[in-house]
Amino acid sequence: MSEIVDKNESIKIPNVLPLLPVRDMTLFPSMIVPLAVGREKSIKALEDAMTTTRLIFVVSQKNVRIEDPSPDDIYATGTVCEVLQILKMPDGALKALVEGVCRARWTDFKLINKGYVEVGIKEVDESCKKTPEVEAIMRNAISLFDQYVKLNNRVPVEAILTLNTIEDPAKLADSIAAHINIKSDDRQEILELINPIARLEKIINVLSSEIEILNIERRIQSRVRTQMEKSQKEYYLNEQMKAIKKELKQKDDSQKDVEELREKLKKAQLPDAAREVAEKEISRLEKMMPMSPEASVSRTYIDWILDLPWEKSTVDNLDLKKAKSILDADHYGLEKVKDRILEYLAVLSRVKKIKGPVLCFIGPPGVGKTSMAKSVAKCLGRSAVRVSMGGVRDEAEIRGHRRTYIGSLPGKIIQSMRKAGSNNPVFILDEIDKIGADWRGDPSSALLEVLDPEQNYAFNDHYLDIDFDLSKVMFITTANSLSSIPTTLLDRLETIRFAGYTDEEKEKIAWRFIIPKEMKAHGISTNDLVIEKQTVRDIISNYTREAGVRNLSREIANLCRKTAKELEMNKEISKVTISPKNLQDYLGIPHFEREKIVQNGIGVVTGLAWTEVGGVTMTIEVNKMKGKGMLLLTGKLGDVMKESARAALTYVQSCAKKLGIDENIFKDLDFHIHVPEGSVPKDGPSAGVALATGLVSVCLGIAVKKKIAMTGEITLMGRVMAIGGLKEKVLAAYREGITTVLFPESNKKDLIDIPKEVLAKVKMIPVSSMDEILPIVFDVKKGGNIK
């Protein structure tokens with residue numbers, strides 16, 4: 001607490017004084033302020049001042065964190081102060097009472113032998129001639145300070161009485177500045193203003209700003225107080241109204257709502273825990289003001305509890321023959337999926353109650369994963385709900401938000417259960433491999449409880465905070481790839497693979513499903529449009545290149561649109577016939593040119609890859625040039641594929657003598673491996689045998705035979721290891737016209753999944769080592785020691 005005194009007596013100021021730097025404080029002349037001093041130099045300066053002139057130079061630090069300030073760390077202007085009293089504390093620190101005498105600037109900064117800093121003192125001239133203009137400024141400052149004191153309760157009223165007796169402009173400015181509650185930087189700026197008139201003008205500006213802020217604060221406080229009084233008044237009147245209506249046996253709207261909720265609760269089929277929570281919440285709602293925000297939140301919560309299908313189930317269709325006919329009518333092929341659904345129905349018809357399976361349909365886009373999930377619901381006679389998980393990053397999307405948040409709602413699981421209207425729907429979690437994770441949580445971790453049959457009988461949503469039974473739900477998830485699904489989540493899923501379709505299967509799907517569907521959607525009848533069989537084959541081979549049939553549907557829809565346009569613009573035409581000859585007029589030039597023969601050659605090998613969109617063929621090119629035995633890899637290859645290339649080169653080097661390769665070429669030549677389509681990322685170990693074959697081919701100068709493709713991981717010893725996605729890779733080779741595929745012997749078990757019509761046209765050769773591959777892919781008569 002500071003105090004202002006009028007010190008009339010004159011004190012002679014020495015040229016040199018001890019320095020006392022202070023933190024976060026600015027002293028003005030005539031102020032009496034207590035100081036707590038703990039720094040060793042400052043203690044010595046105070047003690048020495050007390051024994052000599054009792055004067056000390058007090059100046060503010062620019063940075064309060066600096067313990068031992070240098071000349072650059074203190075302001076140039078400070079206050080010469082008289083030490084009135086010193087009190088020694090038990091911890092060795094000092095408590096000093098000082099009084100400001102006058103402004104001054106320091107000149108020389110030096111540490112003396114006594115252990116403290118001395119500075120040279122340069123007094124400043126604060127004299128000012130009193131004119132009518134100065135008098136007006138002083139009165140304005142006093143007037144504003146009077147308003148400031150009335151608005152700010154922290155400034156004593158006596159302060160304004162003291163100011164009225166001051167006639168010196170400099171003292172008036174300092175006295176007002178000492179009482180204003182402003183930042184240290186602003187106080188220091190006022191201290192450094194030597195001209196009293198400039199100082200008063202600065203103070204007037206500061207006071208005007210502070211008065212405006214204080215007025216705003218007062219208005220806000222008044223508004224809040226008025227609102228509180230209004231709310232209390234409304235509450236009191238509402239309570240009176242309730243009492244009057246009770247006497248008159250009348251009910252208000254809010255009371256009617258409460259009674260409707262109680263009636264709805266009686267009729268609802270709820271478990272005991274949910275019923276208890278609902279009754280308690282309705283009792284709370286009855287005591288609330290109808291227009292209060294809490295009442296709205298409570299009412300919404302009760303509606304959610306009452307609307308959920310806690311005990312409501314649909315009756316399953318247990319007729320297996322009928323279910324099979326529905327599945328067959330909706331989808332062509334996909335026998336594994338259909339068999340799994342029929343198995344579930346067969347067990348359900350015997351046991352009556354089993355835990356719902358958690359299936360995961362894995363496959364490339366457009367093969368019918370989501371539509372099959374909807375067909376499952378149709379054949380079971382259950383309602384189907386679908387939630388797209390693509391891009392979901394917030395855990396609250398699954399578990400819901402707690403009711404403490406404004407606008408909170410249950411998660412997608414509970415929302416979808418209310419939409420389903422039963423507690424045993426088919427719940428489709430689409431694109432589960434596209435779930436993200438960030439600072440808001442990991443949704444895939446929240447799904448662990450949902451998709452675990454051992455836990456989901458008591459799923460707890462954060463909003464409801466009541467256990468909900470999900471054990472009767474049949475969960476079906478879909479994904480394009482297993483690689484991005486966390487292992488712990490994948491462990492809870494029963495995966496069923498959807499492979500790509502062959503051209504023959506696509507043709508049958510087009511005639512059975514796509515063409516009738518698109519013709520109906522575009523208002524085209526069989527009398528309006530005739531599509532020849534070869535036309536469909538040409539669309540499949542020349543206008544689409546995909547594992548599924550999504551693009552095929554688009555192209556057929558394009559034909560229907562153009563047919564509708566042609567019929568409407570030329571009324572003389574009664575029928576449009578699309579043949580291979582005029583197909584290009586409707587769909588434009590073919591999007592894909594199929595090679596009749598895969599261009600294998602010297603250093604050129606056809607590999608097979610498996611991606612999220614199905615199987616694809618992959619050309620691998622190997623070349624050699626003068627160098628120092630370096631291996632260069634290009635084509636945006638991943639780390640695993642790069643390691644496979646190095647392993648392949650090591651194998652070829654180790655077998656060089658056996659294969660008839662000059663060992664010196666590995667010292668004198670560099671090898672460059674490139675996989676075209678350089679902007680597409682490629683990874684995985686299954687190209688190992690193709691990489692090794694390409695290296696042997698370029699070393700020996702022997703071309704790889706045409707129409708041969710291969711897949712398999714290679715070891716340093718030349719063994720061929722098992723790979724994944726054999727069916728998809730073989731289908732890709734079949735689409736490209738390849739007649740021979742070399743694959744790991746360990747994958748022979750996967751041949752059962754490949755369609756018979758593909759096996760009839762593609763020769764499948766199992767191999768266990770590179771020694772078996774090389775004689776097959778090379779013409780042994782052309783050179784080398786390959787046998």
# chains A, B, ... in the order shown; residues from 1 in each chain; ligands from 1
>>> residues_around(residues="A:Ala329", least_positions_apart="4", cutoff="10 Å", atoms="only C-alpha atoms", output="PyMOL selection string")
chain A and resi 323-325+375+512-513
>>> select_by_dssp(residues="stretch 554-671 of chain A", states="helix (DSSP H, G or I)", output="VMD selection string")
chain A and resid 554 to 569 583 to 587 639 to 654 656 to 659 665 to 668
>>> write_last_selection(atoms="C-alpha atoms", output="tab-separated table (two decimals), in the first residue's frame")
chain	number	residue	atom	x	y	z
A	554	ARG	CA	-21.55	-46.49	-65.32
A	555	GLU	CA	-20.84	-47.38	-68.95
A	556	ILE	CA	-24.19	-49.18	-69.35
A	557	ALA	CA	-25.94	-46.21	-67.70
A	558	ASN	CA	-24.14	-44.01	-70.27
A	559	LEU	CA	-25.60	-46.16	-73.09
A	560	CYS	CA	-29.10	-45.81	-71.62
A	561	ARG	CA	-28.80	-42.01	-71.35
A	562	LYS	CA	-27.61	-41.66	-74.93
A	563	THR	CA	-30.39	-43.99	-76.12
A	564	ALA	CA	-33.02	-41.90	-74.31
A	565	LYS	CA	-31.61	-38.73	-75.88
A	566	GLU	CA	-31.57	-40.27	-79.37
A	567	LEU	CA	-35.17	-41.52	-79.09
A	568	GLU	CA	-36.45	-38.17	-77.81
A	569	MET	CA	-34.65	-36.07	-80.42
A	583	LEU	CA	-20.28	-48.90	-79.73
A	584	GLN	CA	-17.56	-46.29	-80.19
A	585	ASP	CA	-20.19	-43.77	-81.34
A	586	TYR	CA	-21.86	-44.03	-77.92
A	587	LEU	CA	-18.97	-44.51	-75.51
A	639	ASP	CA	11.06	-50.52	-48.32
A	640	VAL	CA	9.94	-54.16	-48.47
A	641	MET	CA	10.13	-54.25	-52.27
A	642	LYS	CA	13.58	-52.62	-52.20
A	643	GLU	CA	14.76	-55.33	-49.80
A	644	SER	CA	13.35	-57.99	-52.15
A	645	ALA	CA	15.37	-56.47	-55.03
A	646	ARG	CA	18.59	-56.61	-52.97
A	647	ALA	CA	17.85	-60.20	-51.94
A	648	ALA	CA	17.28	-61.12	-55.60
A	649	LEU	CA	20.60	-59.55	-56.63
A	650	THR	CA	22.42	-61.41	-53.83
A	651	TYR	CA	20.91	-64.68	-55.00
A	652	VAL	CA	21.96	-64.08	-58.63
A	653	GLN	CA	25.51	-63.14	-57.54
A	654	SER	CA	25.80	-66.28	-55.39
A	656	ALA	CA	26.46	-66.69	-61.06
A	657	LYS	CA	28.91	-69.53	-61.74
A	658	LYS	CA	26.17	-72.15	-61.73
A	659	LEU	CA	24.04	-70.07	-64.12
A	665	ILE	CA	29.93	-58.00	-64.48
A	666	PHE	CA	28.90	-57.41	-60.87
A	667	LYS	CA	32.05	-55.30	-60.45
A	668	ASP	CA	32.07	-53.53	-63.81
>>> atom_distance(atom1="atom CA of A:Ser184", atom2="atom CA of A:Val124")
21.6 Å
>>> residues_around(residues="A:Val777", least_positions_apart="5", cutoff="10 Å", atoms="only C-alpha atoms", output="PyMOL selection string")
chain A and resi 600+605+693+697+702-710+740+742+772
>>> residues_around(residues="A:Lys122", least_positions_apart="6", cutoff="12 Å", atoms="only C-alpha atoms", output="MDAnalysis selection string")
chainID A and resid 13:17 57 76:80 102:108
>>> write_last_selection(atoms="N, CA, C and O atoms", output="PDB file, in the first residue's frame")
ATOM      1  N   ILE A  13      20.759  16.414  -3.096  1.00  0.00           N
ATOM      2  CA  ILE A  13      20.974  15.123  -3.732  1.00  0.00           C
ATOM      3  C   ILE A  13      22.441  14.979  -4.101  1.00  0.00           C
ATOM      4  O   ILE A  13      22.982  15.824  -4.846  1.00  0.00           O
ATOM      5  N   PRO A  14      23.158  13.940  -3.608  1.00  0.00           N
ATOM      6  CA  PRO A  14      24.564  13.721  -3.979  1.00  0.00           C
ATOM      7  C   PRO A  14      24.670  13.343  -5.457  1.00  0.00           C
ATOM      8  O   PRO A  14      23.698  12.952  -6.107  1.00  0.00           O
ATOM      9  N   ASN A  15      25.924  13.426  -5.991  1.00  0.00           N
ATOM     10  CA  ASN A  15      26.159  13.060  -7.384  1.00  0.00           C
ATOM     11  C   ASN A  15      26.166  11.551  -7.596  1.00  0.00           C
ATOM     12  O   ASN A  15      25.968  11.077  -8.712  1.00  0.00           O
ATOM     13  N   VAL A  16      26.443  10.795  -6.551  1.00  0.00           N
ATOM     14  CA  VAL A  16      26.516   9.330  -6.646  1.00  0.00           C
ATOM     15  C   VAL A  16      25.655   8.725  -5.538  1.00  0.00           C
ATOM     16  O   VAL A  16      25.693   9.194  -4.396  1.00  0.00           O
ATOM     17  N   LEU A  17      24.886   7.699  -5.904  1.00  0.00           N
ATOM     18  CA  LEU A  17      24.008   7.034  -4.917  1.00  0.00           C
ATOM     19  C   LEU A  17      24.034   5.523  -5.137  1.00  0.00           C
ATOM     20  O   LEU A  17      24.235   5.049  -6.257  1.00  0.00           O
ATOM     21  N   PHE A  57      18.923   5.243  -4.934  1.00  0.00           N
ATOM     22  CA  PHE A  57      18.292   5.448  -6.248  1.00  0.00           C
ATOM     23  C   PHE A  57      17.520   4.173  -6.633  1.00  0.00           C
ATOM     24  O   PHE A  57      18.109   3.098  -6.799  1.00  0.00           O
ATOM     25  N   ALA A  76      16.255   3.978 -17.765  1.00  0.00           N
ATOM     26  CA  ALA A  76      17.173   5.119 -17.616  1.00  0.00           C
ATOM     27  C   ALA A  76      16.709   6.101 -16.551  1.00  0.00           C
ATOM     28  O   ALA A  76      17.504   6.829 -15.963  1.00  0.00           O
ATOM     29  N   THR A  77      15.415   6.138 -16.298  1.00  0.00           N
ATOM     30  CA  THR A  77      14.847   7.107 -15.348  1.00  0.00           C
ATOM     31  C   THR A  77      14.321   6.371 -14.128  1.00  0.00           C
ATOM     32  O   THR A  77      13.644   5.334 -14.252  1.00  0.00           O
ATOM     33  N   GLY A  78      14.640   6.898 -12.959  1.00  0.00           N
ATOM     34  CA  GLY A  78      14.147   6.309 -11.715  1.00  0.00           C
ATOM     35  C   GLY A  78      13.816   7.390 -10.715  1.00  0.00           C
ATOM     36  O   GLY A  78      13.631   8.564 -11.066  1.00  0.00           O
ATOM     37  N   THR A  79      13.781   7.007  -9.421  1.00  0.00           N
ATOM     38  CA  THR A  79      13.392   7.948  -8.369  1.00  0.00           C
ATOM     39  C   THR A  79      14.420   7.912  -7.245  1.00  0.00           C
ATOM     40  O   THR A  79      14.779   6.825  -6.755  1.00  0.00           O
ATOM     41  N   VAL A  80      14.882   9.088  -6.854  1.00  0.00           N
ATOM     42  CA  VAL A  80      15.735   9.181  -5.655  1.00  0.00           C
ATOM     43  C   VAL A  80      14.822   9.073  -4.439  1.00  0.00           C
ATOM     44  O   VAL A  80      13.846   9.839  -4.324  1.00  0.00           O
ATOM     45  N   CYS A 102      12.615  12.747  -5.630  1.00  0.00           N
ATOM     46  CA  CYS A 102      12.574  13.438  -6.916  1.00  0.00           C
ATOM     47  C   CYS A 102      12.941  12.481  -8.040  1.00  0.00           C
ATOM     48  O   CYS A 102      13.502  11.413  -7.806  1.00  0.00           O
ATOM     49  N   ARG A 103      12.625  12.903  -9.268  1.00  0.00           N
ATOM     50  CA  ARG A 103      13.045  12.151 -10.449  1.00  0.00           C
ATOM     51  C   ARG A 103      14.530  12.352 -10.702  1.00  0.00           C
ATOM     52  O   ARG A 103      15.087  13.392 -10.345  1.00  0.00           O
ATOM     53  N   ALA A 104      15.152  11.373 -11.362  1.00  0.00           N
ATOM     54  CA  ALA A 104      16.549  11.526 -11.753  1.00  0.00           C
ATOM     55  C   ALA A 104      16.883  10.483 -12.814  1.00  0.00           C
ATOM     56  O   ALA A 104      16.166   9.479 -12.986  1.00  0.00           O
ATOM     57  N   ARG A 105      17.983  10.743 -13.519  1.00  0.00           N
ATOM     58  CA  ARG A 105      18.490   9.764 -14.488  1.00  0.00           C
ATOM     59  C   ARG A 105      19.867   9.325 -14.016  1.00  0.00           C
ATOM     60  O   ARG A 105      20.651  10.123 -13.510  1.00  0.00           O
ATOM     61  N   TRP A 106      20.173   8.047 -14.205  1.00  0.00           N
ATOM     62  CA  TRP A 106      21.507   7.570 -13.799  1.00  0.00           C
ATOM     63  C   TRP A 106      22.470   7.673 -14.990  1.00  0.00           C
ATOM     64  O   TRP A 106      22.071   7.599 -16.140  1.00  0.00           O
ATOM     65  N   THR A 107      23.785   7.843 -14.637  1.00  0.00           N
ATOM     66  CA  THR A 107      24.800   7.963 -15.697  1.00  0.00           C
ATOM     67  C   THR A 107      25.803   6.812 -15.628  1.00  0.00           C
ATOM     68  O   THR A 107      25.778   5.915 -16.462  1.00  0.00           O
ATOM     69  N   ASP A 108      26.648   6.825 -14.623  1.00  0.00           N
ATOM     70  CA  ASP A 108      27.685   5.782 -14.527  1.00  0.00           C
ATOM     71  C   ASP A 108      27.172   4.601 -13.712  1.00  0.00           C
ATOM     72  O   ASP A 108      26.554   4.784 -12.661  1.00  0.00           O
TER      73      ASP A 108
END
